[in-house]
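Next comes work_34.tsv, with TSV, C-alpha atoms.
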chain	number	residue	atom	x	y	z
A	22	MET	CA	-14.03	-2.37	-27.51
A	23	ARG	CA	-12.11	-0.36	-24.92
A	24	ILE	CA	-11.87	-1.11	-21.19
A	25	SER	CA	-10.59	1.80	-19.09
A	26	VAL	CA	-9.04	1.10	-15.68
A	27	LEU	CA	-9.01	3.98	-13.20
A	28	LEU	CA	-6.26	3.85	-10.55
A	29	PRO	CA	-4.37	6.42	-8.44
A	30	ASP	CA	-1.04	5.36	-10.00
A	31	LEU	CA	0.92	2.18	-10.65
A	32	GLN	CA	2.82	1.82	-7.39
A	33	PRO	CA	3.46	-1.89	-6.65
A	34	GLY	CA	0.43	-2.56	-4.45
A	35	GLY	CA	-1.72	-5.67	-4.68
A	36	ALA	CA	-4.69	-3.96	-6.34
A	37	GLU	CA	-2.51	-2.22	-8.91
A	38	ARG	CA	-0.65	-5.43	-9.74
A	39	ILE	CA	-3.76	-7.52	-10.37
A	40	HIS	CA	-5.12	-4.97	-12.84
A	41	VAL	CA	-1.87	-5.12	-14.79
A	42	GLN	CA	-2.16	-8.92	-14.82
A	43	MET	CA	-5.79	-8.87	-15.96
A	44	ALA	CA	-5.02	-6.30	-18.65
A	45	ASP	CA	-2.71	-8.81	-20.29
A	46	ILE	CA	-5.58	-11.33	-20.48
A	47	TRP	CA	-8.04	-8.74	-21.79
A	48	LEU	CA	-5.62	-7.68	-24.51
A	49	ARG	CA	-5.24	-11.31	-25.52
A	50	ARG	CA	-9.03	-11.56	-25.65
A	51	GLY	CA	-8.98	-8.80	-28.25
A	52	PHE	CA	-9.98	-5.76	-26.17
A	53	ASP	CA	-8.22	-2.42	-25.95
A	54	VAL	CA	-7.10	-1.60	-22.41
A	55	GLU	CA	-6.32	1.91	-21.21
A	56	PHE	CA	-5.01	2.75	-17.75
A	57	VAL	CA	-6.32	6.09	-16.53
A	58	LEU	CA	-4.07	7.32	-13.72
A	59	LEU	CA	-4.44	10.30	-11.41
A	60	ARG	CA	-0.67	10.64	-11.63
A	61	TRP	CA	1.99	9.02	-13.78
A	62	ALA	CA	4.03	7.16	-11.17
A	63	GLY	CA	4.98	3.70	-10.00
A	64	GLU	CA	7.30	0.78	-10.68
A	65	LEU	CA	4.52	-1.14	-12.42
A	66	LEU	CA	4.59	1.31	-15.33
A	67	ALA	CA	7.49	-0.75	-16.65
A	68	GLN	CA	5.43	-3.95	-16.38
A	69	LEU	CA	2.42	-2.91	-18.44
A	70	PRO	CA	1.66	-5.50	-21.11
A	71	GLU	CA	2.40	-4.63	-24.70
A	72	GLY	CA	-0.58	-2.90	-26.27
A	73	ALA	CA	-1.94	-1.27	-23.12
A	74	SER	CA	-2.21	2.53	-23.27
A	75	LEU	CA	-1.87	5.16	-20.56
A	76	VAL	CA	-3.66	8.41	-19.77
A	77	ASP	CA	-2.37	10.78	-17.07
A	78	LEU	CA	-5.17	12.91	-15.60
A	79	GLY	CA	-2.60	15.15	-13.95
A	80	ALA	CA	-4.58	15.16	-10.72
A	81	PRO	CA	-2.36	14.87	-7.63
A	82	ARG	CA	-5.47	14.87	-5.42
A	83	ILE	CA	-8.85	13.23	-5.73
A	84	ARG	CA	-10.74	16.51	-5.64
A	85	SER	CA	-8.84	17.74	-8.69
A	86	ALA	CA	-9.62	14.59	-10.72
A	87	PHE	CA	-13.37	15.02	-11.24
A	88	LEU	CA	-13.25	17.40	-14.22
A	89	PRO	CA	-10.33	15.63	-16.02
A	90	LEU	CA	-12.09	12.28	-15.64
A	91	THR	CA	-15.38	13.74	-16.89
A	92	ARG	CA	-13.61	15.14	-19.96
A	93	TYR	CA	-11.84	11.83	-20.53
A	94	LEU	CA	-15.12	9.90	-20.55
A	95	ARG	CA	-16.72	12.38	-22.95
A	96	ASP	CA	-13.77	12.30	-25.34
A	97	ARG	CA	-12.66	8.66	-25.26
A	98	LYS	CA	-16.04	6.97	-24.70
A	99	PRO	CA	-14.79	3.56	-23.54
A	100	GLN	CA	-17.28	0.73	-23.44
A	101	ALA	CA	-16.50	0.05	-19.78
A	102	LEU	CA	-14.85	1.85	-16.88
A	103	LEU	CA	-13.43	-0.11	-13.95
A	104	ALA	CA	-12.46	1.91	-10.87
A	105	ALA	CA	-10.62	0.37	-7.95
A	106	MET	CA	-10.29	1.54	-4.35
A	107	TRP	CA	-12.23	4.22	-2.48
A	108	PRO	CA	-12.48	7.16	-3.11
A	109	LEU	CA	-12.01	6.41	-6.83
A	110	THR	CA	-15.00	4.10	-6.50
A	111	VAL	CA	-17.03	7.19	-5.59
A	112	LEU	CA	-15.42	9.46	-8.17
A	113	ALA	CA	-16.04	7.16	-11.13
A	114	PRO	CA	-19.85	6.77	-10.96
A	115	LEU	CA	-20.34	10.49	-10.25
A	116	ALA	CA	-18.03	11.59	-13.10
A	117	ALA	CA	-19.74	9.12	-15.43
A	118	ARG	CA	-23.13	10.59	-14.56
A	119	ALA	CA	-21.85	14.15	-15.13
A	120	ALA	CA	-20.31	13.14	-18.48
A	121	GLY	CA	-23.47	11.48	-19.73
A	122	PHE	CA	-21.40	8.31	-20.05
A	123	ARG	CA	-23.31	5.42	-21.63
A	124	GLY	CA	-20.81	2.64	-20.99
A	125	ARG	CA	-20.82	0.39	-17.98
A	126	VAL	CA	-19.22	1.48	-14.72
A	127	ALA	CA	-17.87	-1.18	-12.35
A	128	ILE	CA	-16.28	-0.44	-8.99
A	129	SER	CA	-14.11	-2.80	-6.96
A	130	GLU	CA	-13.04	-2.49	-3.35
A	131	HIS	CA	-9.95	-4.34	-2.19
A	132	SER	CA	-10.08	-3.80	1.56
A	133	PRO	CA	-12.71	-3.71	4.33
A	134	LEU	CA	-13.27	0.05	4.28
A	135	SER	CA	-14.64	0.39	7.80
A	136	LEU	CA	-11.50	-1.25	9.19
A	137	ALA	CA	-9.08	0.44	6.81
A	138	TYR	CA	-10.24	3.90	7.90
A	139	ALA	CA	-11.21	3.11	11.50
A	140	GLY	CA	-8.64	5.49	12.95
A	141	ARG	CA	-9.66	8.55	10.95
A	142	GLY	CA	-12.38	9.77	13.32
A	143	ARG	CA	-16.11	10.35	13.24
A	144	ALA	CA	-16.08	12.99	10.50
A	145	HIS	CA	-14.23	10.68	8.15
A	146	ARG	CA	-16.65	7.84	8.91
A	147	LEU	CA	-19.54	10.10	7.97
A	148	VAL	CA	-17.83	11.02	4.70
A	149	LEU	CA	-17.12	7.36	4.00
A	150	ARG	CA	-20.70	6.31	4.64
A	151	GLY	CA	-22.26	9.27	2.85
A	152	SER	CA	-20.07	8.98	-0.24
A	153	THR	CA	-20.71	5.27	-0.71
A	154	ARG	CA	-24.46	5.75	-0.27
A	155	LEU	CA	-24.39	8.51	-2.88
A	156	ALA	CA	-22.16	6.87	-5.49
A	157	TYR	CA	-22.46	3.09	-5.20
A	158	PRO	CA	-26.07	2.94	-6.47
A	159	ARG	CA	-24.92	4.74	-9.64
A	160	ALA	CA	-22.47	1.98	-10.56
A	161	ASP	CA	-23.59	-0.84	-12.84
A	162	ALA	CA	-21.58	-3.42	-10.91
A	163	ARG	CA	-20.07	-3.47	-7.43
A	164	ILE	CA	-17.30	-5.92	-6.57
A	165	GLY	CA	-15.76	-7.02	-3.29
A	166	VAL	CA	-12.61	-9.14	-3.44
A	167	SER	CA	-13.83	-11.38	-0.62
A	168	GLY	CA	-17.11	-12.21	1.06
A	169	GLY	CA	-16.05	-10.26	4.13
A	170	VAL	CA	-15.30	-7.16	2.08
A	171	ALA	CA	-18.65	-7.41	0.29
A	172	ASP	CA	-20.51	-7.83	3.60
A	173	GLY	CA	-18.87	-4.70	4.96
A	174	LEU	CA	-19.59	-2.68	1.83
A	175	ALA	CA	-23.27	-3.59	1.94
A	176	ALA	CA	-23.52	-2.52	5.58
A	177	LEU	CA	-21.61	0.69	4.91
A	178	SER	CA	-23.56	1.76	1.83
A	179	GLY	CA	-27.00	0.60	2.93
A	180	LEU	CA	-27.39	-1.43	-0.27
A	181	PRO	CA	-28.57	-5.05	-0.16
A	182	ARG	CA	-25.84	-7.67	-0.02
A	183	SER	CA	-27.21	-9.11	-3.26
A	184	GLY	CA	-26.07	-5.92	-4.99
A	185	PHE	CA	-22.40	-6.90	-4.53
A	186	ARG	CA	-20.52	-9.55	-6.45
A	187	VAL	CA	-17.58	-11.37	-4.88
A	188	ILE	CA	-14.70	-11.83	-7.31
A	189	HIS	CA	-11.53	-13.02	-5.64
A	190	ASN	CA	-8.24	-11.53	-6.72
A	191	PRO	CA	-6.34	-13.21	-9.55
A	192	ALA	CA	-3.24	-14.30	-7.72
A	193	ALA	CA	-2.22	-17.64	-9.22
A	194	GLY	CA	-0.36	-18.25	-12.43
A	195	ALA	CA	1.21	-14.82	-12.77
A	196	ARG	CA	4.25	-16.03	-10.82
A	197	ALA	CA	3.97	-19.69	-11.71
A	198	PRO	CA	7.27	-21.53	-11.19
A	199	THR	CA	9.20	-22.06	-14.41
A	200	GLY	CA	12.39	-24.10	-14.52
A	201	VAL	CA	15.01	-24.05	-11.78
A	202	LEU	CA	15.23	-20.81	-9.80
A	203	GLU	CA	18.52	-20.21	-8.04
A	204	ARG	CA	18.48	-19.50	-4.32
A	205	PRO	CA	18.69	-15.74	-3.65
A	206	THR	CA	22.00	-14.78	-2.07
A	207	ASP	CA	20.32	-12.96	0.83
A	208	LEU	CA	18.94	-16.32	2.03
A	209	GLY	CA	22.39	-17.75	2.52
A	210	LYS	CA	23.61	-21.06	1.12
A	211	ASN	CA	21.89	-23.39	3.56
A	212	GLY	CA	19.11	-23.55	6.12
A	213	ARG	CA	15.35	-23.33	5.94
A	214	VAL	CA	13.46	-20.15	5.13
A	215	VAL	CA	10.38	-18.45	6.57
A	216	LEU	CA	9.05	-15.93	4.06
A	217	THR	CA	6.58	-13.07	4.07
A	218	VAL	CA	5.89	-10.67	1.20
A	219	GLY	CA	4.20	-7.30	1.59
A	220	THR	CA	4.56	-3.57	1.95
A	221	LEU	CA	6.25	-2.55	5.20
A	222	LYS	CA	3.29	-0.82	6.83
A	223	LYS	CA	1.69	-1.13	10.25
A	224	VAL	CA	-1.36	-3.16	9.24
A	225	LYS	CA	0.90	-5.96	7.99
A	226	ARG	CA	2.24	-6.44	11.56
A	227	HIS	CA	5.76	-7.47	10.66
A	228	ASP	CA	6.61	-6.59	14.25
A	229	LEU	CA	4.38	-9.48	15.36
A	230	LEU	CA	6.19	-11.80	12.96
A	231	LEU	CA	9.58	-10.77	14.35
A	232	GLN	CA	8.37	-11.35	17.92
A	233	ALA	CA	7.11	-14.82	16.99
A	234	PHE	CA	10.24	-15.68	15.03
A	235	ALA	CA	12.40	-14.75	18.03
A	236	ARG	CA	10.68	-17.59	19.94
A	237	ILE	CA	11.88	-20.21	17.41
A	238	THR	CA	15.41	-21.48	17.90
A	239	GLU	CA	15.94	-23.79	14.91
A	240	PRO	CA	19.59	-23.47	13.84
A	241	GLY	CA	20.08	-21.90	10.42
A	242	LEU	CA	16.46	-20.79	10.07
A	243	THR	CA	16.16	-17.46	8.19
A	244	LEU	CA	13.24	-15.07	8.18
A	245	CYS	CA	12.94	-13.09	4.95
A	246	ILE	CA	10.66	-10.03	4.89
A	247	LEU	CA	10.30	-9.06	1.25
A	248	GLY	CA	8.94	-5.55	0.70
A	249	GLU	CA	9.56	-1.87	1.28
A	250	GLY	CA	7.76	0.87	3.15
A	251	GLU	CA	7.47	3.34	5.98
A	252	GLU	CA	8.05	0.77	8.75
A	253	ARG	CA	11.56	-0.23	7.66
A	254	LYS	CA	13.50	1.73	10.30
A	255	ARG	CA	11.23	0.62	13.14
A	256	LEU	CA	11.51	-3.01	12.05
A	257	GLU	CA	15.29	-2.83	11.73
A	258	THR	CA	15.45	-1.45	15.27
A	259	LEU	CA	13.24	-4.30	16.49
A	260	VAL	CA	15.52	-6.85	14.80
A	261	ARG	CA	18.42	-5.48	16.86
A	262	ASP	CA	16.39	-5.28	20.06
A	263	LEU	CA	15.33	-8.93	19.69
A	264	GLY	CA	18.89	-10.05	18.93
A	265	LEU	CA	17.93	-11.35	15.49
A	266	GLN	CA	20.88	-9.92	13.56
A	267	GLY	CA	22.06	-12.46	11.00
A	268	ARG	CA	18.77	-14.38	11.19
A	269	VAL	CA	16.52	-11.85	9.40
A	270	SER	CA	16.85	-10.66	5.80
A	271	MET	CA	15.02	-7.54	4.54
A	272	PRO	CA	16.17	-7.14	0.92
A	273	GLY	CA	13.40	-4.69	-0.05
A	274	TYR	CA	10.84	-4.74	-2.84
A	275	MET	CA	11.31	-7.30	-5.61
A	276	ALA	CA	9.37	-6.96	-8.85
A	277	ASP	CA	9.57	-10.73	-9.25
A	278	PRO	CA	9.78	-12.64	-5.94
A	279	SER	CA	9.50	-16.05	-7.65
A	280	ALA	CA	12.91	-17.26	-6.46
A	281	TRP	CA	12.05	-16.44	-2.85
A	282	TYR	CA	8.77	-18.38	-3.04
A	283	ALA	CA	10.58	-21.28	-4.69
A	284	HIS	CA	13.06	-21.57	-1.80
A	285	ALA	CA	10.66	-20.90	1.08
A	286	ASP	CA	9.79	-23.63	3.58
A	287	LEU	CA	7.00	-21.65	5.26
A	288	PHE	CA	5.00	-18.57	4.32
A	289	VAL	CA	3.54	-16.39	7.09
A	290	LEU	CA	0.98	-13.57	6.91
A	291	THR	CA	0.50	-11.55	10.11
A	292	SER	CA	-1.87	-8.73	9.09
A	293	ASP	CA	-4.49	-7.12	11.32
A	294	TYR	CA	-6.80	-7.16	8.30
A	295	GLU	CA	-6.67	-7.96	4.61
A	296	GLY	CA	-9.11	-7.39	1.80
A	297	PHE	CA	-8.02	-10.66	0.26
A	298	GLY	CA	-4.40	-11.71	0.67
A	299	ASN	CA	-2.88	-12.29	-2.77
A	300	VAL	CA	0.43	-13.42	-1.33
A	301	LEU	CA	-1.22	-16.46	0.28
A	302	VAL	CA	-2.31	-17.68	-3.13
A	303	GLU	CA	1.10	-16.91	-4.61
A	304	ALA	CA	2.71	-19.03	-1.89
A	305	MET	CA	0.28	-21.90	-2.50
A	306	ASP	CA	1.12	-21.70	-6.21
A	307	TYR	CA	4.59	-22.88	-5.18
A	308	GLY	CA	3.27	-25.45	-2.73
A	309	VAL	CA	4.59	-23.50	0.27
A	310	PRO	CA	2.87	-24.32	3.62
A	311	ILE	CA	1.10	-21.36	5.22
A	312	VAL	CA	0.42	-19.84	8.62
A	313	SER	CA	-1.79	-16.75	8.70
A	314	THR	CA	-3.59	-14.61	11.21
A	315	ASP	CA	-7.33	-15.22	11.07
A	316	CYS	CA	-7.89	-11.59	10.15
A	317	PRO	CA	-10.81	-10.12	8.24
A	318	ALA	CA	-11.51	-10.70	5.49
A	319	GLY	CA	-9.63	-12.85	2.96
A	320	PRO	CA	-7.32	-15.42	4.60
A	321	ARG	CA	-10.07	-17.64	6.03
A	322	GLU	CA	-11.72	-17.80	2.59
A	323	ILE	CA	-8.46	-18.53	0.77
A	324	LEU	CA	-7.40	-21.22	3.25
A	325	ASP	CA	-10.94	-22.67	3.40
A	326	ALA	CA	-11.24	-22.20	7.17
A	327	GLY	CA	-7.88	-23.85	7.82
A	328	LYS	CA	-7.99	-26.72	5.32
A	329	TYR	CA	-5.05	-25.32	3.36
A	330	GLY	CA	-3.10	-23.65	6.15
A	331	THR	CA	-3.09	-22.75	9.84
A	332	LEU	CA	-5.06	-19.75	11.13
A	333	THR	CA	-4.01	-18.03	14.36
A	334	PRO	CA	-5.57	-15.23	16.42
A	335	VAL	CA	-4.74	-11.68	15.38
A	336	GLY	CA	-2.00	-10.06	17.47
A	337	ASP	CA	-0.91	-13.17	19.39
A	338	PRO	CA	2.85	-13.82	18.99
A	339	ASP	CA	2.82	-16.96	21.17
A	340	ALA	CA	0.09	-18.64	19.11
A	341	LEU	CA	1.82	-17.54	15.92
A	342	ALA	CA	5.17	-18.96	17.03
A	343	ALA	CA	3.57	-22.27	18.03
A	344	ALA	CA	1.82	-22.56	14.65
A	345	MET	CA	5.02	-21.71	12.78
A	346	GLN	CA	6.98	-24.31	14.72
A	347	ALA	CA	4.31	-26.97	14.20
A	348	THR	CA	4.13	-26.26	10.48
A	349	LEU	CA	7.91	-26.38	10.10
A	350	SER	CA	7.91	-29.73	11.93
A	351	GLY	CA	5.01	-31.23	9.97
A	352	THR	CA	4.49	-32.84	6.58
A	353	HIS	CA	2.41	-31.23	3.84
A	354	ASP	CA	0.56	-32.09	0.65
A	355	HIS	CA	2.24	-29.62	-1.68
A	356	SER	CA	0.21	-30.77	-4.69
A	357	ALA	CA	-3.05	-29.97	-2.85
A	358	LEU	CA	-1.81	-26.45	-2.14
A	359	LYS	CA	-0.94	-25.94	-5.80
A	360	ALA	CA	-4.35	-27.24	-6.87
A	361	ARG	CA	-6.09	-24.84	-4.48
A	362	ALA	CA	-4.12	-21.94	-5.96
A	363	ARG	CA	-5.58	-22.68	-9.38
A	364	ASP	CA	-9.00	-21.65	-8.04
A	365	PHE	CA	-7.63	-18.10	-8.21
A	366	SER	CA	-6.03	-18.19	-11.67
A	367	VAL	CA	-5.56	-14.91	-13.52
A	368	GLU	CA	-7.46	-16.09	-16.60
A	369	LYS	CA	-10.45	-17.30	-14.58
A	370	ILE	CA	-10.77	-14.07	-12.59
A	371	ALA	CA	-10.11	-11.81	-15.59
A	372	ASP	CA	-13.02	-13.45	-17.40
A	373	GLU	CA	-15.28	-12.98	-14.38
A	374	TYR	CA	-14.52	-9.26	-14.53
A	375	LEU	CA	-15.33	-9.25	-18.24
A	376	ASP	CA	-18.72	-10.78	-17.46
A	377	LEU	CA	-19.54	-7.68	-15.41
A	378	LEU	CA	-17.82	-5.09	-17.58
A	379	LEU	CA	-19.11	-6.35	-20.94
A	380	PRO	CA	-21.88	-8.88	-20.27
A	381	ASP	CA	-22.22	-9.92	-23.91
A	382	TRP	CA	-18.54	-10.48	-24.61
A	383	ARG	CA	-18.76	-14.28	-24.67
A	384	ALA	CA	-21.38	-14.19	-27.43
A	385	GLY	CA	-18.78	-12.85	-29.86
A	386	ARG	CA	-16.22	-15.57	-29.13
A	387	PRO	CA	-15.71	-18.54	-31.45
A	388	ALA	CA	-17.31	-21.73	-30.18
Starting from the coordinates I provided, produce the structure as C-alpha cells.
Amino acid sequence: MRISVLLPDLQPGGAERIHVQMADIWLRRGFDVEFVLLRWAGELLAQLPEGASLVDLGAPRIRSAFLPLTRYLRDRKPQALLAAMWPLTVLAPLAARAAGFRGRVAISEHSPLSLAYAGRGRAHRLVLRGSTRLAYPRADARIGVSGGVADGLAALSGLPRSGFRVIHNPAAGARAPTGVLERPTDLGKNGRVVLTVGTLKKVKRHDLLLQAFARITEPGLTLCILGEGEERKRLETLVRDLGLQGRVSMPGYMADPSAWYAHADLFVLTSDYEGFGNVLVEAMDYGVPIVSTDCPAGPREILDAGKYGTLTPVGDPDALAAAMQATLSGTHDHSALKARARDFSVEKIADEYLDLLLPDWRAGRPA
C-alpha cells in the first residue's frame, strides 16, 4: 500500500517537516511512502526516513506540474495521495481526475489562506476563491490544521464546514528531550534565555519581539532568534538601532534545535498569523513557559485560550514586553506543559491522517 505525498520541495518549513515525521510512522506501520516533489531541493532531503522514496516532477512552477503529476498517478497508482498547501491542494484533485485516479485524494492546508494572500490584490483573491471552489469538492478529504484554518477554508470554498476535518500538526515527540543537552555556545555560559524559532520572514514579526525585548532590562538575559530567511539584514539593523548588540543571538537555521529548547527559560511567538504554530508545542514538550500573540488561527487552540501560556494582542510591543516580564518572574507547572504537548504527538496525528487516507487500515492490524 503506497501513500504519495505531494510537496513543492523539502525546504525546512513547518509543513514539510511534519510530513517527513509522519512518513517515519507510516513506514513503521508497514506502508510504502513516496515523496512527490515539484523540484528536488531542500535541507530535509537529508532527513527522510529510511525506506521513503522520492520522485522529482521537474516542475519549477505549478503550471508546469499538471502533466507530470497526471502521468505519475497513471504510472505509479498509489492507494492515496496527500497534497499540502495551496495551490498544490488545487492541482492534486484536478490531476487525479484527469488521470482517472481511483485512489483517495486528501488535501491539507497549513495556513489561513485569506490572510496569507491578503496583500496580493483582487485578481489573486478571485483566483484563490475560484480555484478552491473548483478543486476542493473533488478531494476525498479536506484537512485544516486548526479550527480557524478550517473555518476560513469553508468560507473561501463555499463548502459546508462539516466537509473539513481538523487535524492538528504533529509537533510533539519528534524533538523529545533525551539525556543531557549541552548549552549552545551562542547562548553564553550564564544567564537566562528567551527563545523563538521560525523562518525570518515578515509574518513572524521578529521586529516586534526585538522591540519588546528592548524594554526588558534583566541583566544577562539573552534573546535567541533561531532561523534563517529574507528578513535577516533588516533584523540585524534593528538590533543595532535598539542597542541590543551582545544581548541578541541569531545563529541561523538549526536542523535540530533541541539544545536551544532545553536551555530556554521562555519561548515567545510573535506572528501576525499562524496556521497552527508547531514551535509552541515543541517548546511545551520541553516544559518551556510560553508567551504568544493571540493571532489567527493556531496559538489560542494550542494554549487552550491561555491555560497553557499567555496570549497578547497582535502587534503590541508594550503588552508583549509586560507578558514576557511577568512570565520570566513567575512560577510554572512544567509537567503540565509537557502533558499538554502529548496531545499533539506524532504517532497520534499520523494515525489520524491514515484514517482519512486509507479508512480501512486499522482492520488489517493485529488486535
Inset, instruction - Place a sphere of radius 8 Å on (-14.9, 5.8, -10.8) in the file coordinates and name every protein, DNA or RNA residue with an atom inside or on its surface, counting all atoms listed in the file; give the answer as a VMD selection string. - result: chain A and resid 27 102 to 105 109 to 117 126 to 128
File dump, residues just selected, C-alpha atoms, as an mmCIF file, in the coordinates of the input:
data_model
loop_
_atom_site.group_PDB
_atom_site.id
_atom_site.type_symbol
_atom_site.label_atom_id
_atom_site.label_comp_id
_atom_site.auth_asym_id
_atom_site.auth_seq_id
_atom_site.Cartn_x
_atom_site.Cartn_y
_atom_site.Cartn_z
ATOM 1 C CA LEU A 27 -9.010 3.980 -13.200
ATOM 2 C CA LEU A 102 -14.850 1.850 -16.880
ATOM 3 C CA LEU A 103 -13.430 -0.110 -13.950
ATOM 4 C CA ALA A 104 -12.460 1.910 -10.870
ATOM 5 C CA ALA A 105 -10.620 0.370 -7.950
ATOM 6 C CA LEU A 109 -12.010 6.410 -6.830
ATOM 7 C CA THR A 110 -15.000 4.100 -6.500
ATOM 8 C CA VAL A 111 -17.030 7.190 -5.590
ATOM 9 C CA LEU A 112 -15.420 9.460 -8.170
ATOM 10 C CA ALA A 113 -16.040 7.160 -11.130
ATOM 11 C CA PRO A 114 -19.850 6.770 -10.960
ATOM 12 C CA LEU A 115 -20.340 10.490 -10.250
ATOM 13 C CA ALA A 116 -18.030 11.590 -13.100
ATOM 14 C CA ALA A 117 -19.740 9.120 -15.430
ATOM 15 C CA VAL A 126 -19.220 1.480 -14.720
ATOM 16 C CA ALA A 127 -17.870 -1.180 -12.350
ATOM 17 C CA ILE A 128 -16.280 -0.440 -8.990
#
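The nearest approach to Ser132 (chain A) among the residues A:Thr206, A:Asn299, A:Thr291, A:Ser313, with all atoms listed in the file taken into account, belongs to A:Asn299.
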Legend entry - Between CA of Met305 (chain A) and CA of Leu378 (chain A) - distance in Å to one decimal: 28.9 Å
Inset, instruction - Can you pull out every residue within 12 Å of region 152-163 of chain A, counting all atoms listed in the file, but drop anything in the same chain fewer than 6 positions away, and send it as a VMD selection string? - result: chain A and resid 101 to 119 122 to 131 134 to 135 145 to 146 170 to 188 373 to 380
Inset, instruction - Identify which of the residues A:Ala86, A:Ala192, A:Leu290, A:Met22 lies closest to Val335 (chain A), counting all atoms listed in the file when measuring atom-to-atom distances. - result: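 Comparing A:Ala86, A:Ala192, A:Leu290, A:Met22 against Val335 (chain A), the winner is A:Leu290.
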Legend entry - Length of the CA of Arg253 (chain A) to CA of Leu221 (chain A) vector [Å]: 6.3 Å
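With all atoms listed in the file as the atoms that count, the minimum distance from Gly319 (chain A) to the choices A:Glu64, A:Glu55, A:Asp293, A:Glu71 is reached by A:Asp293.
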Legend entry - Expected answer as a list in words: all residues with atoms within 9 Å of (-5.2, -12.4, 14.1), all atoms listed in the file: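 The residues near that point, listed by chain and number, are Thr291, Ser292, Asp293, Tyr294, Ser313, Thr314, Asp315, Cys316, Pro317, Leu332, Thr333, Pro334, Val335, Gly336, Asp337 and Leu341 of chain A.
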